[in-house]
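J.: If it helps, the file is called target-v9.cif and holds mmCIF, C-alpha atoms:
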data_final
loop_
_atom_site.label_atom_id
_atom_site.label_comp_id
_atom_site.auth_asym_id
_atom_site.auth_seq_id
_atom_site.Cartn_x
_atom_site.Cartn_y
_atom_site.Cartn_z
CA MET V 47 77.39 97.00 73.62
CA THR V 48 79.86 99.61 72.46
CA THR V 49 83.62 99.51 72.30
CA VAL V 50 85.44 99.70 75.62
CA ILE V 51 89.04 100.88 75.43
CA ILE V 52 91.33 100.26 78.43
CA LYS V 53 94.20 102.68 79.02
CA ASP V 54 96.57 103.47 81.85
CA ALA V 55 95.02 106.22 83.96
CA THR V 56 96.70 109.62 84.09
CA PRO V 57 96.06 112.48 86.52
CA GLU V 58 93.93 114.05 83.77
CA HIS V 59 91.37 111.26 84.15
CA TRP V 60 90.81 111.88 87.85
CA PRO V 61 88.17 114.66 87.51
CA ALA V 62 86.05 112.21 85.50
CA ILE V 63 86.58 109.30 87.93
CA TRP V 64 85.89 111.17 91.16
CA PRO V 65 82.12 111.89 90.72
CA PHE V 66 81.08 108.25 90.25
CA LEU V 67 83.70 106.90 92.66
CA ARG V 68 82.41 109.32 95.31
CA ASP V 69 78.79 108.27 94.70
CA ILE V 70 79.65 104.55 94.87
CA VAL V 71 81.60 104.98 98.11
CA ALA V 72 78.96 107.29 99.66
CA ALA V 73 76.20 104.75 98.94
CA GLY V 74 78.02 102.39 101.33
CA GLU V 75 76.69 99.22 99.72
CA THR V 76 79.78 97.77 98.04
CA TYR V 77 83.01 99.38 99.27
CA THR V 78 84.91 99.08 102.54
CA TRP V 79 85.94 102.72 102.40
CA ASP V 80 84.86 105.52 104.70
CA ARG V 81 81.64 106.74 103.13
CA ASP V 82 82.63 110.39 103.56
CA VAL V 83 86.09 109.97 102.01
CA THR V 84 87.54 113.28 100.81
CA GLN V 85 88.62 113.79 97.23
CA GLU V 86 92.23 114.09 98.35
CA GLN V 87 92.14 110.78 100.25
CA ALA V 88 90.32 109.04 97.42
CA ARG V 89 92.79 110.25 94.82
CA ALA V 90 95.72 108.92 96.87
CA MET V 91 93.97 105.56 97.33
CA TRP V 92 92.96 105.23 93.67
CA LEU V 93 95.83 106.61 91.57
CA LEU V 94 98.56 104.27 92.78
CA PRO V 95 102.33 104.64 92.46
CA PRO V 96 104.27 101.62 91.11
CA PRO V 97 104.14 98.68 91.57
CA GLY V 98 100.43 99.55 91.65
CA ARG V 99 98.66 100.36 88.40
CA THR V 100 95.44 102.23 87.66
CA VAL V 101 93.55 101.98 84.39
CA VAL V 102 90.46 103.59 82.90
CA ALA V 103 87.80 102.17 80.60
CA LEU V 104 86.95 104.67 77.87
CA ASP V 105 84.18 104.96 75.33
CA ASP V 106 85.38 105.59 71.75
CA ASP V 107 84.73 109.30 72.31
CA GLY V 108 87.00 109.32 75.39
CA THR V 109 84.26 109.27 78.05
CA VAL V 110 85.48 107.57 81.25
CA LEU V 111 83.13 104.62 81.85
CA GLY V 112 84.96 103.04 84.76
CA SER V 113 88.33 102.48 86.38
CA ALA V 114 90.32 99.77 88.11
CA LYS V 115 93.44 99.62 90.24
CA MET V 116 95.71 96.64 90.86
CA TYR V 117 98.46 96.20 93.42
CA PRO V 118 100.27 93.59 95.52
CA ASN V 119 97.83 92.22 98.11
CA HIS V 120 100.68 91.28 100.44
CA MET V 121 104.32 92.29 100.83
CA GLY V 122 107.65 90.49 100.92
CA PRO V 123 107.44 86.70 100.59
CA ALA V 124 103.75 86.95 99.58
CA SER V 125 104.03 89.82 97.09
CA HIS V 126 103.26 87.46 94.19
CA ILE V 127 99.57 87.69 95.17
CA ALA V 128 97.80 90.59 93.47
CA SER V 129 94.59 92.37 94.35
CA ALA V 130 92.40 94.77 92.42
CA SER V 131 89.44 97.12 92.85
CA PHE V 132 86.87 98.24 90.32
CA MET V 133 84.53 101.21 89.93
CA VAL V 134 82.07 101.43 87.04
CA ASP V 135 80.03 104.59 86.51
CA PRO V 136 76.41 103.50 87.21
CA ALA V 137 75.36 105.65 84.22
CA HIS V 138 77.26 103.19 82.01
CA ALA V 139 76.35 99.91 83.75
CA GLY V 140 75.33 96.89 81.70
CA ARG V 141 77.75 97.60 78.86
CA GLY V 142 80.41 95.08 79.80
CA VAL V 143 82.71 97.68 81.37
CA GLY V 144 83.35 95.67 84.54
CA ARG V 145 84.11 92.53 82.54
CA ALA V 146 86.49 94.39 80.20
CA LEU V 147 88.32 95.88 83.20
CA GLY V 148 88.42 92.49 84.94
CA GLU V 149 89.86 90.69 81.92
CA HIS V 150 92.43 93.43 81.41
CA VAL V 151 93.53 93.36 85.04
CA LEU V 152 93.92 89.57 85.02
CA ASP V 153 96.05 89.71 81.85
CA ARG V 154 98.11 92.55 83.27
CA ALA V 155 98.69 90.79 86.59
CA ARG V 156 99.81 87.66 84.74
CA ALA V 157 102.19 89.73 82.61
CA ASP V 158 103.55 91.43 85.73
CA GLY V 159 104.47 88.02 87.14
CA TYR V 160 101.84 87.66 89.85
CA ARG V 161 100.82 84.06 90.55
CA ALA V 162 97.30 84.66 91.87
CA MET V 163 94.70 87.36 92.49
CA GLN V 164 92.85 87.74 95.77
CA PHE V 165 89.91 90.05 96.48
CA ASN V 166 89.70 90.73 100.21
CA ALA V 167 86.22 92.08 100.64
CA VAL V 168 83.47 91.42 98.09
CA VAL V 169 80.12 92.25 99.71
CA GLU V 170 77.97 89.13 99.41
CA THR V 171 74.85 91.12 98.53
CA ASN V 172 76.70 92.66 95.56
CA THR V 173 75.55 89.70 93.48
CA ARG V 174 76.41 91.36 90.20
CA ALA V 175 80.08 91.62 91.17
CA VAL V 176 80.16 88.15 92.74
CA GLY V 177 78.69 86.67 89.53
CA LEU V 178 81.12 88.58 87.32
CA TRP V 179 84.15 87.39 89.30
CA ARG V 180 82.90 83.81 89.31
CA SER V 181 82.49 83.99 85.53
CA LEU V 182 86.11 85.18 85.32
CA GLY V 183 87.35 82.14 87.23
CA PHE V 184 87.32 83.36 90.83
CA GLU V 185 85.99 81.23 93.63
CA VAL V 186 84.80 82.20 97.10
CA LEU V 187 87.53 80.90 99.41
CA ALA V 188 85.77 82.07 102.57
CA THR V 189 83.05 84.41 103.78
CA LEU V 190 83.68 86.65 106.76
CA PRO V 191 80.37 86.49 108.62
CA GLU V 192 78.58 89.80 109.33
CA ALA V 193 81.71 91.66 108.33
CA PHE V 194 80.01 94.45 106.37
CA ARG V 195 77.34 96.81 107.69
CA HIS V 196 75.02 97.39 104.76
CA PRO V 197 72.91 100.56 105.01
CA SER V 198 69.61 98.73 104.43
CA LYS V 199 70.36 95.01 104.83
CA GLY V 200 72.22 95.11 108.14
CA TYR V 201 75.30 92.99 108.75
CA VAL V 202 76.13 90.87 105.70
CA GLY V 203 79.14 88.74 104.78
CA LEU V 204 82.30 89.65 102.93
CA HIS V 205 83.60 87.13 100.43
CA ILE V 206 87.30 86.52 99.99
CA MET V 207 87.58 85.60 96.31
CA TYR V 208 90.62 84.06 94.67
CA ARG V 209 92.00 82.65 91.46
CA GLY V 210 95.39 81.42 90.28
CA LEU V 211 96.94 83.12 87.24
CA MET Q 100 107.01 80.96 133.57
CA THR Q 101 107.62 84.47 134.85
CA THR Q 102 105.31 87.43 135.07
CA VAL Q 103 104.44 89.10 131.78
CA ILE Q 104 103.22 92.68 132.05
CA ILE Q 105 101.41 94.22 129.08
CA LYS Q 106 101.63 97.99 128.61
CA ASP Q 107 100.90 100.45 125.83
CA ALA Q 108 104.05 100.92 123.79
CA THR Q 109 105.77 104.31 123.79
CA PRO Q 110 108.48 105.59 121.45
CA GLU Q 111 110.98 104.75 124.21
CA HIS Q 112 110.28 101.03 123.70
CA TRP Q 113 111.19 101.07 120.01
CA PRO Q 114 114.97 100.60 120.40
CA ALA Q 115 114.26 97.38 122.32
CA ILE Q 116 111.65 96.14 119.80
CA TRP Q 117 113.62 96.81 116.61
CA PRO Q 118 116.43 94.20 117.03
CA PHE Q 119 114.14 91.16 117.36
CA LEU Q 120 111.52 92.54 114.95
CA ARG Q 121 114.27 93.03 112.35
CA ASP Q 122 115.59 89.50 112.88
CA ILE Q 123 112.11 87.95 112.60
CA VAL Q 124 111.34 89.87 109.40
CA ALA Q 125 114.78 89.20 107.89
CA ALA Q 126 114.39 85.44 108.50
CA GLY Q 127 111.47 85.56 106.05
CA GLU Q 128 109.69 82.56 107.55
CA THR Q 129 106.66 84.10 109.22
CA TYR Q 130 106.03 87.68 108.10
CA THR Q 131 104.71 89.12 104.84
CA TRP Q 132 107.00 92.12 105.12
CA ASP Q 133 109.92 93.01 102.89
CA ARG Q 134 112.80 91.12 104.45
CA ASP Q 135 115.13 94.11 104.13
CA VAL Q 136 112.71 96.59 105.74
CA THR Q 137 114.47 99.68 107.07
CA GLN Q 138 114.17 100.73 110.67
CA GLU Q 139 112.27 103.85 109.63
CA GLN Q 140 109.71 101.85 107.61
CA ALA Q 141 109.35 99.27 110.36
CA ARG Q 142 108.80 101.88 113.03
CA ALA Q 143 106.02 103.50 110.98
CA MET Q 144 104.38 100.10 110.40
CA TRP Q 145 104.66 98.98 114.03
CA LEU Q 146 104.00 102.04 116.21
CA LEU Q 147 100.51 102.86 114.95
CA PRO Q 148 98.56 106.08 115.35
CA PRO Q 149 94.95 105.79 116.64
CA PRO Q 150 92.68 103.94 116.09
CA GLY Q 151 95.61 101.50 115.97
CA ARG Q 152 97.26 100.47 119.22
CA THR Q 153 100.68 98.98 119.97
CA VAL Q 154 101.55 97.22 123.21
CA VAL Q 155 104.67 95.67 124.70
CA ALA Q 156 105.09 92.62 126.91
CA LEU Q 157 107.55 93.34 129.70
CA ASP Q 158 109.39 91.23 132.22
CA ASP Q 159 109.14 92.46 135.82
CA ASP Q 160 112.51 94.16 135.37
CA GLY Q 161 111.20 96.09 132.35
CA THR Q 162 112.86 93.96 129.65
CA VAL Q 163 110.81 94.02 126.42
CA LEU Q 164 109.87 90.38 125.68
CA GLY Q 165 107.56 91.00 122.75
CA SER Q 166 105.12 93.40 121.15
CA ALA Q 167 101.78 93.44 119.37
CA LYS Q 168 99.83 95.91 117.29
CA MET Q 169 96.09 95.97 116.61
CA TYR Q 170 94.14 97.98 114.07
CA PRO Q 171 90.99 97.92 111.93
CA ASN Q 172 91.40 95.23 109.26
CA HIS Q 173 88.97 97.01 106.96
CA MET Q 174 87.62 100.55 106.64
CA GLY Q 175 84.18 102.15 106.54
CA PRO Q 176 81.26 99.70 106.76
CA ALA Q 177 83.65 96.86 107.73
CA SER Q 178 85.75 98.73 110.29
CA HIS Q 179 84.28 96.61 113.11
CA ILE Q 180 86.69 93.82 112.08
CA ALA Q 181 90.05 94.09 113.84
CA SER Q 182 93.40 92.62 112.97
CA ALA Q 183 96.60 92.24 114.93
CA SER Q 184 100.27 91.28 114.53
CA PHE Q 185 102.64 89.82 117.07
CA MET Q 186 106.42 89.71 117.52
CA VAL Q 187 108.03 87.79 120.37
CA ASP Q 188 111.76 88.02 120.97
CA PRO Q 189 113.08 84.51 120.19
CA ALA Q 190 115.37 84.88 123.21
CA HIS Q 191 112.24 84.84 125.38
CA ALA Q 192 110.20 82.21 123.53
CA GLY Q 193 108.34 79.51 125.47
CA ARG Q 194 107.42 81.79 128.35
CA GLY Q 195 103.82 82.44 127.38
CA VAL Q 196 104.57 85.88 125.94
CA GLY Q 197 102.61 85.28 122.71
CA ARG Q 198 99.62 83.96 124.62
CA ALA Q 199 99.66 86.90 127.05
CA LEU Q 200 99.80 89.35 124.13
CA GLY Q 201 97.04 87.47 122.28
CA GLU Q 202 94.69 87.44 125.26
CA HIS Q 203 95.34 91.12 125.90
CA VAL Q 204 94.68 92.08 122.29
CA LEU Q 205 91.41 90.11 122.20
CA ASP Q 206 90.19 91.80 125.39
CA ARG Q 207 91.25 95.20 124.12
CA ALA Q 208 89.56 94.71 120.74
CA ARG Q 209 86.35 93.68 122.50
CA ALA Q 210 86.54 96.75 124.74
CA ASP Q 211 87.14 98.96 121.70
CA GLY Q 212 83.89 97.69 120.18
CA TYR Q 213 85.22 95.46 117.43
CA ARG Q 214 82.96 92.51 116.60
CA ALA Q 215 85.58 90.09 115.25
CA MET Q 216 89.29 89.66 114.68
CA GLN Q 217 90.75 88.49 111.38
CA PHE Q 218 94.37 87.53 110.70
CA ASN Q 219 95.11 87.89 106.99
CA ALA Q 220 98.28 85.92 106.55
CA VAL Q 221 99.36 83.25 109.04
CA VAL Q 222 102.05 81.12 107.39
CA GLU Q 223 100.84 77.51 107.57
CA THR Q 224 104.30 76.19 108.46
CA ASN Q 225 104.36 78.50 111.50
CA THR Q 226 102.66 75.75 113.48
CA ARG Q 227 103.42 77.32 116.82
CA ALA Q 228 101.45 80.46 115.91
CA VAL Q 229 98.65 78.49 114.24
CA GLY Q 230 98.30 76.32 117.37
CA LEU Q 231 98.31 79.34 119.67
CA TRP Q 232 95.59 81.12 117.71
CA ARG Q 233 93.48 77.97 117.58
CA SER Q 234 93.79 77.63 121.35
CA LEU Q 235 92.58 81.24 121.65
CA GLY Q 236 89.44 80.48 119.67
CA PHE Q 237 90.49 81.28 116.11
CA GLU Q 238 89.63 79.03 113.22
CA VAL Q 239 91.18 78.77 109.77
CA LEU Q 240 88.53 80.26 107.46
CA ALA Q 241 90.56 79.65 104.32
CA THR Q 242 94.08 78.91 103.15
CA LEU Q 243 95.55 80.83 100.23
CA PRO Q 244 97.44 78.14 98.32
CA GLU Q 245 101.17 78.71 97.69
CA ALA Q 246 100.75 82.30 98.79
CA PHE Q 247 104.00 82.54 100.80
CA ARG Q 248 107.48 81.86 99.51
CA HIS Q 249 109.30 80.27 102.43
CA PRO Q 250 113.12 80.50 102.24
CA SER Q 251 113.62 76.73 102.70
CA LYS Q 252 110.18 75.11 102.22
CA GLY Q 253 109.21 76.78 98.94
CA TYR Q 254 105.67 77.98 98.30
CA VAL Q 255 103.43 77.29 101.31
CA GLY Q 256 99.91 78.38 102.20
CA LEU Q 257 98.72 81.41 104.13
CA HIS Q 258 95.88 80.87 106.58
CA ILE Q 259 93.18 83.46 107.05
CA MET Q 260 92.21 83.00 110.71
CA TYR Q 261 89.13 84.46 112.35
CA ARG Q 262 87.13 84.63 115.52
CA GLY Q 263 84.10 86.57 116.71
CA LEU Q 264 84.47 88.74 119.82
#
Do you think you could lay out the structure here as structure tokens?

T.:
Amino acid sequence: MTTVIIKDATPEHWPAIWPFLRDIVAAGETYTWDRDVTQEQARAMWLLPPPGRTVVALDDDGTVLGSAKMYPNHMGPASHIASASFMVDPAHAGRGVGRALGEHVLDRARADGYRAMQFNAVVETNTRAVGLWRSLGFEVLATLPEAFRHPSKGYVGLHIMYRGL
Amino acid sequence: MTTVIIKDATPEHWPAIWPFLRDIVAAGETYTWDRDVTQEQARAMWLLPPPGRTVVALDDDGTVLGSAKMYPNHMGPASHIASASFMVDPAHAGRGVGRALGEHVLDRARADGYRAMQFNAVVETNTRAVGLWRSLGFEVLATLPEAFRHPSKGYVGLHIMYRGL
């Protein structure tokens, strides 16, 4: 495992994020995004204005290995609940990038004053992600039955995962 | 109980919706919206473009008694899950307006091809709404603990409610 450096994302990182983000979304196995999302739509949904934050995971030579965004999951009287989304370049899987991003996002959310983090839609067949979030203290609060149409596995469940901060 | 007529909302209904919607949001007891939402923001969040729909409940003299909006809760491979939000003018509470809107929205979601409806944030102390949704076939899939800061009751839970269509 090599060093993973987490930094706030800047517009200059986008051209490196888009190719793997596009491939992950187009595969349709893990994300509740339109599979044919345009680059313009994706950029607006990924590089968030405050109070959202977007970070990148970098190799020590500056290669973008993955990215995460965090944001309030609810508004108003429930805005102390955060959410987050993660994209790791499949070419750099297995190097602890997702875990490094997850730990960073939890620390950052805590520092920002959030009281909990809630993931709204973790595909139950994405066992790697489910296992990672469990190992970082999340539990499955509920599973929406048949809520996700997987391209090869048919209708599968979506986990709502949660942890206090 | 008087007749309740449900119609698609038009921009002409907005001036009648805004006063009670504003009061409900400002009270901060039931909605996860910023309590000081502006009329412009509220209008954009309530009168939805397709595939969203907004309806009004009218008295037989055309008085707006309440309103509801429905929309996909998720995108892409999970866009077959609907959500909805409801506002009933407190001046016309207890007349079956919420139930009429709820039944209409369920029928409409079914007709639109959705496979389930999911409410993301029903405040657990809003027992009238929780009871209504239960009577319309929804169950509490999970409760996010202390997820809503109630102005007088402190941190209370948010129910995620769900039913198949």

J.: When the PyMOL selection byres ((chain V) within 10 of (chain Q)) is applied to the file above, which residues end up in the set, as a PyMOL selection string?

T.: chain V and resi 71+74-83+120-127+161-162+164+166-167+169+186-197+201-204+206+208-210

J.: Hand me chain V as it sits after a least-squares fit onto chain Q over every Cα, paired in order, written as a CSV table (one decimal) with C-alpha atoms, in the coordinates of the input.

T.:
chain,number,residue,atom,x,y,z
V,47,MET,CA,107.1,81.0,133.6
V,48,THR,CA,107.7,84.5,134.9
V,49,THR,CA,105.3,87.4,135.1
V,50,VAL,CA,104.4,89.1,131.8
V,51,ILE,CA,103.2,92.7,132.1
V,52,ILE,CA,101.4,94.2,129.1
V,53,LYS,CA,101.6,98.0,128.6
V,54,ASP,CA,100.9,100.5,125.8
V,55,ALA,CA,104.1,100.9,123.8
V,56,THR,CA,105.8,104.3,123.8
V,57,PRO,CA,108.5,105.6,121.4
V,58,GLU,CA,111.0,104.7,124.2
V,59,HIS,CA,110.3,101.0,123.7
V,60,TRP,CA,111.2,101.1,120.0
V,61,PRO,CA,115.0,100.6,120.4
V,62,ALA,CA,114.3,97.4,122.3
V,63,ILE,CA,111.6,96.1,119.8
V,64,TRP,CA,113.6,96.8,116.6
V,65,PRO,CA,116.4,94.2,117.0
V,66,PHE,CA,114.1,91.2,117.4
V,67,LEU,CA,111.5,92.5,115.0
V,68,ARG,CA,114.3,93.0,112.4
V,69,ASP,CA,115.6,89.5,112.9
V,70,ILE,CA,112.1,88.0,112.6
V,71,VAL,CA,111.3,89.9,109.4
V,72,ALA,CA,114.8,89.2,107.9
V,73,ALA,CA,114.4,85.4,108.5
V,74,GLY,CA,111.5,85.6,106.1
V,75,GLU,CA,109.7,82.5,107.6
V,76,THR,CA,106.7,84.1,109.2
V,77,TYR,CA,106.0,87.7,108.1
V,78,THR,CA,104.7,89.1,104.9
V,79,TRP,CA,107.0,92.1,105.1
V,80,ASP,CA,109.9,93.0,102.9
V,81,ARG,CA,112.8,91.1,104.5
V,82,ASP,CA,115.1,94.1,104.1
V,83,VAL,CA,112.7,96.6,105.7
V,84,THR,CA,114.5,99.7,107.1
V,85,GLN,CA,114.2,100.7,110.7
V,86,GLU,CA,112.3,103.8,109.6
V,87,GLN,CA,109.7,101.8,107.6
V,88,ALA,CA,109.3,99.3,110.4
V,89,ARG,CA,108.8,101.9,113.0
V,90,ALA,CA,106.0,103.5,111.0
V,91,MET,CA,104.4,100.1,110.4
V,92,TRP,CA,104.7,99.0,114.0
V,93,LEU,CA,104.0,102.0,116.2
V,94,LEU,CA,100.5,102.9,115.0
V,95,PRO,CA,98.6,106.1,115.4
V,96,PRO,CA,95.0,105.8,116.6
V,97,PRO,CA,92.7,103.9,116.1
V,98,GLY,CA,95.6,101.5,116.0
V,99,ARG,CA,97.3,100.5,119.2
V,100,THR,CA,100.7,99.0,120.0
V,101,VAL,CA,101.6,97.2,123.2
V,102,VAL,CA,104.7,95.7,124.7
V,103,ALA,CA,105.1,92.6,126.9
V,104,LEU,CA,107.6,93.4,129.7
V,105,ASP,CA,109.4,91.2,132.2
V,106,ASP,CA,109.1,92.5,135.8
V,107,ASP,CA,112.5,94.2,135.4
V,108,GLY,CA,111.2,96.1,132.3
V,109,THR,CA,112.9,94.0,129.6
V,110,VAL,CA,110.8,94.0,126.4
V,111,LEU,CA,109.9,90.4,125.7
V,112,GLY,CA,107.6,91.0,122.7
V,113,SER,CA,105.1,93.4,121.2
V,114,ALA,CA,101.8,93.4,119.4
V,115,LYS,CA,99.8,95.9,117.3
V,116,MET,CA,96.1,96.0,116.6
V,117,TYR,CA,94.1,98.0,114.1
V,118,PRO,CA,91.0,97.9,111.9
V,119,ASN,CA,91.4,95.2,109.3
V,120,HIS,CA,89.0,97.0,106.9
V,121,MET,CA,87.6,100.6,106.6
V,122,GLY,CA,84.2,102.1,106.5
V,123,PRO,CA,81.3,99.7,106.7
V,124,ALA,CA,83.7,96.9,107.7
V,125,SER,CA,85.7,98.7,110.3
V,126,HIS,CA,84.3,96.6,113.1
V,127,ILE,CA,86.7,93.8,112.1
V,128,ALA,CA,90.0,94.1,113.8
V,129,SER,CA,93.4,92.6,113.0
V,130,ALA,CA,96.6,92.2,114.9
V,131,SER,CA,100.3,91.3,114.5
V,132,PHE,CA,102.7,89.8,117.1
V,133,MET,CA,106.4,89.7,117.5
V,134,VAL,CA,108.0,87.8,120.4
V,135,ASP,CA,111.8,88.0,121.0
V,136,PRO,CA,113.1,84.5,120.2
V,137,ALA,CA,115.4,84.9,123.2
V,138,HIS,CA,112.2,84.8,125.4
V,139,ALA,CA,110.2,82.2,123.5
V,140,GLY,CA,108.4,79.5,125.5
V,141,ARG,CA,107.4,81.8,128.4
V,142,GLY,CA,103.8,82.4,127.4
V,143,VAL,CA,104.6,85.9,125.9
V,144,GLY,CA,102.6,85.3,122.7
V,145,ARG,CA,99.6,84.0,124.6
V,146,ALA,CA,99.6,86.9,127.1
V,147,LEU,CA,99.8,89.4,124.1
V,148,GLY,CA,97.0,87.5,122.3
V,149,GLU,CA,94.7,87.4,125.3
V,150,HIS,CA,95.3,91.1,125.9
V,151,VAL,CA,94.7,92.1,122.3
V,152,LEU,CA,91.4,90.1,122.2
V,153,ASP,CA,90.2,91.8,125.4
V,154,ARG,CA,91.3,95.2,124.1
V,155,ALA,CA,89.6,94.7,120.7
V,156,ARG,CA,86.3,93.7,122.5
V,157,ALA,CA,86.5,96.8,124.7
V,158,ASP,CA,87.1,99.0,121.7
V,159,GLY,CA,83.9,97.7,120.2
V,160,TYR,CA,85.2,95.5,117.4
V,161,ARG,CA,83.0,92.5,116.6
V,162,ALA,CA,85.6,90.1,115.2
V,163,MET,CA,89.3,89.6,114.7
V,164,GLN,CA,90.8,88.5,111.4
V,165,PHE,CA,94.4,87.5,110.7
V,166,ASN,CA,95.1,87.9,107.0
V,167,ALA,CA,98.3,85.9,106.6
V,168,VAL,CA,99.4,83.3,109.0
V,169,VAL,CA,102.1,81.1,107.4
V,170,GLU,CA,100.8,77.5,107.6
V,171,THR,CA,104.3,76.2,108.5
V,172,ASN,CA,104.4,78.5,111.5
V,173,THR,CA,102.7,75.7,113.5
V,174,ARG,CA,103.4,77.3,116.8
V,175,ALA,CA,101.4,80.4,115.9
V,176,VAL,CA,98.6,78.5,114.2
V,177,GLY,CA,98.3,76.3,117.4
V,178,LEU,CA,98.3,79.3,119.7
V,179,TRP,CA,95.6,81.1,117.7
V,180,ARG,CA,93.5,78.0,117.6
V,181,SER,CA,93.8,77.6,121.3
V,182,LEU,CA,92.6,81.2,121.6
V,183,GLY,CA,89.4,80.5,119.7
V,184,PHE,CA,90.5,81.3,116.1
V,185,GLU,CA,89.6,79.0,113.2
V,186,VAL,CA,91.2,78.8,109.8
V,187,LEU,CA,88.5,80.2,107.5
V,188,ALA,CA,90.6,79.6,104.3
V,189,THR,CA,94.1,78.9,103.1
V,190,LEU,CA,95.6,80.8,100.2
V,191,PRO,CA,97.4,78.1,98.3
V,192,GLU,CA,101.2,78.7,97.7
V,193,ALA,CA,100.8,82.3,98.8
V,194,PHE,CA,104.0,82.6,100.8
V,195,ARG,CA,107.5,81.9,99.5
V,196,HIS,CA,109.3,80.3,102.4
V,197,PRO,CA,113.1,80.5,102.2
V,198,SER,CA,113.6,76.7,102.7
V,199,LYS,CA,110.2,75.1,102.2
V,200,GLY,CA,109.2,76.8,98.9
V,201,TYR,CA,105.7,78.0,98.3
V,202,VAL,CA,103.4,77.3,101.3
V,203,GLY,CA,99.9,78.4,102.2
V,204,LEU,CA,98.7,81.4,104.1
V,205,HIS,CA,95.9,80.9,106.6
V,206,ILE,CA,93.2,83.4,107.0
V,207,MET,CA,92.2,83.0,110.7
V,208,TYR,CA,89.1,84.5,112.3
V,209,ARG,CA,87.1,84.6,115.5
V,210,GLY,CA,84.1,86.6,116.7
V,211,LEU,CA,84.5,88.7,119.8

J.: Just so the selection is clear, what residues does the PyMOL selection byres ((chain V and resi 84-100) around 6) cover here, as a VMD selection string?

T.: chain V and resid 55 83 101 114 to 117

J.: Since we have the selection now, will you write its residues out, keeping C-alpha atoms, as an mmCIF file, in the frame of the given file?

T.:
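Here's the written file part-v2.cif:
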data_model
loop_
_atom_site.group_PDB
_atom_site.id
_atom_site.type_symbol
_atom_site.label_atom_id
_atom_site.label_comp_id
_atom_site.auth_asym_id
_atom_site.auth_seq_id
_atom_site.Cartn_x
_atom_site.Cartn_y
_atom_site.Cartn_z
ATOM 1 C CA ALA V 55 95.020 106.220 83.960
ATOM 2 C CA VAL V 83 86.090 109.970 102.010
ATOM 3 C CA VAL V 101 93.550 101.980 84.390
ATOM 4 C CA ALA V 114 90.320 99.770 88.110
ATOM 5 C CA LYS V 115 93.440 99.620 90.240
ATOM 6 C CA MET V 116 95.710 96.640 90.860
ATOM 7 C CA TYR V 117 98.460 96.200 93.420
#

J.: What gap, in Å, lies between CA of Gly148 in chain V and CA of Lys199 in chain V?

T.: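 Computed distance, CA of Gly148 in chain V to CA of Lys199 in chain V, equals 27.0 Å.
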
J.: Residues near Ala190 in chain Q, anyone? I mean within 9 Å using all atoms listed in the file, not counting same-chain ones fewer than 2 positions away, as an MDAnalysis selection string.

T.: chainID Q and resid 119 164 187:188 192

J.: Could you rebuild range 105-113 of chain Q with N, CA, C and O atoms and give me the result as an mmCIF file, in the coordinates of the input?

T.:
data_model
loop_
_atom_site.group_PDB
_atom_site.id
_atom_site.type_symbol
_atom_site.label_atom_id
_atom_site.label_comp_id
_atom_site.auth_asym_id
_atom_site.auth_seq_id
_atom_site.Cartn_x
_atom_site.Cartn_y
_atom_site.Cartn_z
ATOM 1 N N ILE Q 105 101.721 93.591 130.370
ATOM 2 C CA ILE Q 105 101.410 94.220 129.080
ATOM 3 C C ILE Q 105 101.147 95.711 129.299
ATOM 4 O O ILE Q 105 100.346 96.077 130.160
ATOM 5 N N LYS Q 106 101.832 96.542 128.531
ATOM 6 C CA LYS Q 106 101.630 97.990 128.610
ATOM 7 C C LYS Q 106 101.518 98.579 127.217
ATOM 8 O O LYS Q 106 102.038 97.996 126.256
ATOM 9 N N ASP Q 107 100.886 99.743 127.113
ATOM 10 C CA ASP Q 107 100.900 100.450 125.830
ATOM 11 C C ASP Q 107 102.337 100.802 125.488
ATOM 12 O O ASP Q 107 103.098 101.267 126.348
ATOM 13 N N ALA Q 108 102.691 100.593 124.232
ATOM 14 C CA ALA Q 108 104.050 100.920 123.790
ATOM 15 C C ALA Q 108 104.217 102.436 123.683
ATOM 16 O O ALA Q 108 103.287 103.155 123.338
ATOM 17 N N THR Q 109 105.415 102.901 123.988
ATOM 18 C CA THR Q 109 105.770 104.310 123.790
ATOM 19 C C THR Q 109 106.993 104.341 122.865
ATOM 20 O O THR Q 109 107.646 103.310 122.659
ATOM 21 N N PRO Q 110 107.300 105.518 122.314
ATOM 22 C CA PRO Q 110 108.480 105.590 121.450
ATOM 23 C C PRO Q 110 109.758 105.103 122.144
ATOM 24 O O PRO Q 110 110.672 104.610 121.488
ATOM 25 N N GLU Q 111 109.798 105.189 123.471
ATOM 26 C CA GLU Q 111 110.980 104.750 124.210
ATOM 27 C C GLU Q 111 111.192 103.228 124.118
ATOM 28 O O GLU Q 111 112.293 102.737 124.354
ATOM 29 N N HIS Q 112 110.131 102.482 123.824
ATOM 30 C CA HIS Q 112 110.280 101.030 123.700
ATOM 31 C C HIS Q 112 110.883 100.605 122.363
ATOM 32 O O HIS Q 112 111.345 99.474 122.230
ATOM 33 N N TRP Q 113 110.800 101.490 121.354
ATOM 34 C CA TRP Q 113 111.190 101.070 120.010
ATOM 35 C C TRP Q 113 112.606 100.496 119.910
ATOM 36 O O TRP Q 113 112.811 99.445 119.279
#
